[in-house]
Amino acid sequence: MVPSRTLRPFGEYPNLLGVTPEVRAQFSPVVKLPLRAASASCRVTAADADASSSESGGRRMVDKYDYVVRDFTGSGPDGVGLVLDDGRRVPQLLPTRPQAVEFAKAQRAALLEGHGGGYDVGRYDEDRRGMYTSELFAASKEEGDEEEGGDEEGAGRRTVHVGIDIGAPVGTEVHAFEDGLIHSAGYNPAVGDYGYVVVVKHFLKGGPEYPSTVYALYGHLGGASFMADNVPGRKVTKGQVIGQIGDCAENGGWTGSHVHFQLSMTEPASHDMPGTVSRSDREEALLIYPDPRYVLGELY
């Protein structure tokens with residue numbers, strides 16, 4: 001059953017793929033997170049460096065790897081903005097293409113100066129009501145009509161995040177978590193969309209009662225890294241680089257560079273999946289787009 005409340009701990013969402021800890025430990029990380037410095041409370045070994053699962057050594061991933069978990073509900077310390085190194089706060093999503101291009105120039109300049117930013121994680125099943133401000137996330141006319149006079153204002157707007165965001169510096173390599181085939185790839189240009197995106201049909205080694213394939217979307221990639229041979233039917237191998245994290249001008253206008261990683265139990269029609277759903281559609285959607293932590297490990 002789908003939990004009635006959002007942001008539930010790892011393991012409370014349906015394990016639709018039947019992924020066991022042993023299987024998960026064999027997956028490649030989608031982004032190779034940096035290790036935390038060894039300390040008396042958290043020692044890192046060479047074996048840990050190769051592990052993509054939180055079960056290795058009995059420690060949580062956030063204890064082993066150097067990243068922070070963000071709160072984009074609007075009520076947490078991160079709000080819905082991004083704080084730059086110089087202390088300025090900018091929106092997570094820039095509303096126009098010219099603004100995104102200018103911000104991307106600053107991102108590239110910061111990289112050259114060795115200030116590419118750190119690593120962070122954006123959560124699955126998080127209701128981000130203040131973040132999704134472009135028309136891409138608006139309720140359909142039918143949903144909007146239904147919500148007029150309803151008990152929960154705005155329930156038709158797509159605000160519930162159904163993937164996991166892994167934030168990293170622009171140009172960071174993005175890896176296929178398992179063997180598969182390119183399903184589709186392309187560029188989604190709308191403000192707030194994925195920009196450059198790849199969908200891979202991955203092959204799984206679960207039990208006979210579970211699906212043998214799953215579709216994974218890797219979104220917000222960089223154009224310079226977008227390989228021309230990412231064509232439908234092309235074979236990819238576990239750990240293979242399938243792209244790099246894009247800048248603000250490439251990724252749909254998002255100021256926080258990241259890859260949006262999302263799983264789907266059903267085949268998408270193209271290089272697209274709804275990365276957010278309305279609160280009224282949440283329960284149905286979570287049975288189509290399962291918790292990515294069953295692949296990525298217990299990131300939080």
# chains A, B, ... in the order shown; residues from 1 in each chain; ligands from 1
call {"tool": "residues_around", "arguments": {"residues": "range 187-191 of chain A", "least_positions_apart": "6", "cutoff": "12 Å", "atoms": "only C-alpha atoms", "output": "VMD selection string"}}
result
chain A and resid 92 to 100 132 to 137 197 to 199 218 to 223 226 246 248 to 255 270 to 274
call {"tool": "residues_around", "arguments": {"residues": "Asp127 in chain A", "least_positions_apart": "4", "cutoff": "7 Å", "atoms": "only C-alpha atoms", "output": "PyMOL selection string"}}
result
chain A and resi 73+159-161
call {"tool": "residues_around", "arguments": {"residues": "Gly163 in chain A", "least_positions_apart": "6", "cutoff": "8 Å", "atoms": "only C-alpha atoms", "output": "number ranges by chain"}}
result
A: 123-125, 260-263, 275-276, 289, 291-292
call {"tool": "write_last_selection", "arguments": {"atoms": "C-alpha atoms", "output": "PDB file, in the first residue's frame"}}
result
ATOM      1  CA  ARG A 123      13.692  13.874  -1.781  1.00  0.00           C
ATOM      2  CA  TYR A 124      11.089  11.558  -3.287  1.00  0.00           C
ATOM      3  CA  ASP A 125       7.396  12.138  -2.518  1.00  0.00           C
ATOM      4  CA  HIS A 260      16.610  14.081 -11.746  1.00  0.00           C
ATOM      5  CA  PHE A 261      16.490  10.278 -11.472  1.00  0.00           C
ATOM      6  CA  GLN A 262      13.117   8.605 -11.787  1.00  0.00           C
ATOM      7  CA  LEU A 263      11.912   5.032 -12.218  1.00  0.00           C
ATOM      8  CA  GLY A 275       8.576  14.388 -12.569  1.00  0.00           C
ATOM      9  CA  THR A 276       5.864  15.851 -10.378  1.00  0.00           C
ATOM     10  CA  TYR A 289       6.971   5.644 -10.227  1.00  0.00           C
ATOM     11  CA  ASP A 291      10.879   5.029  -4.699  1.00  0.00           C
ATOM     12  CA  PRO A 292      14.316   5.414  -6.396  1.00  0.00           C
TER      13      PRO A 292
END
call {"tool": "residues_around", "arguments": {"residues": "Asp120 in chain A", "least_positions_apart": "4", "cutoff": "12 Å", "atoms": "only C-alpha atoms", "output": "ChimeraX atom specification"}}
result
/A:31-34,62,65-71,78,82,164-169,256-260,299-300
call {"tool": "write_last_selection", "arguments": {"atoms": "C-alpha atoms", "output": "compact mmCIF listing (two decimals), in the first residue's frame"}}
result
# COMPACT_ATOMS: atom_id res chain seq x y z
CA VAL A 31 26.45 9.95 -9.37
CA LYS A 32 29.65 9.06 -7.53
CA LEU A 33 29.34 10.99 -4.30
CA PRO A 34 32.52 12.11 -2.52
CA VAL A 62 24.79 10.23 4.52
CA TYR A 65 29.35 10.30 1.72
CA ASP A 66 29.70 14.08 1.74
CA TYR A 67 26.33 15.51 0.79
CA VAL A 68 23.35 17.20 2.42
CA VAL A 69 19.67 16.32 2.22
CA ARG A 70 17.52 19.27 1.20
CA ASP A 71 14.06 20.28 2.40
CA ASP A 78 16.31 25.50 2.42
CA LEU A 82 19.37 28.46 -3.57
CA ILE A 164 15.13 11.91 -6.54
CA ASP A 165 17.41 14.83 -7.33
CA ILE A 166 21.16 14.36 -6.94
CA GLY A 167 22.82 17.75 -6.91
CA ALA A 168 26.43 18.03 -8.06
CA PRO A 169 28.70 20.48 -9.91
CA GLY A 256 20.81 24.10 -8.61
CA SER A 257 22.63 21.78 -11.04
CA HIS A 258 21.44 18.21 -10.55
CA VAL A 259 20.25 15.03 -12.20
CA HIS A 260 16.61 14.08 -11.75
CA LEU A 299 20.24 8.33 0.75
CA TYR A 300 18.12 9.67 3.64
call {"tool": "select_by_dssp", "arguments": {"residues": "range 66-264 of chain A", "states": "strand (DSSP E)", "output": "MDAnalysis selection string"}}
result
chainID A and resid 68:69 81:83 89:91 120:122 126:127 158:161 164:167 173:175 180:188 195:203 213:221 235:236 241:244 258:264
call {"tool": "atom_distance", "arguments": {"atom1": "CA of Met1 in chain A", "atom2": "CA of Tyr13 in chain A"}}
result
7.4 Å
call {"tool": "closest_residue", "arguments": {"among": "A:Asp247, A:Val2, A:Ser280, A:Pro21", "to": "Tyr194 in chain A", "atoms": "only C-alpha atoms"}}
result
A:Asp247
call {"tool": "closest_residue", "arguments": {"among": "A:Leu217, A:Val236, A:Val200, A:Ala138", "to": "Asp179 in chain A", "atoms": "only C-alpha atoms"}}
result
A:Val236
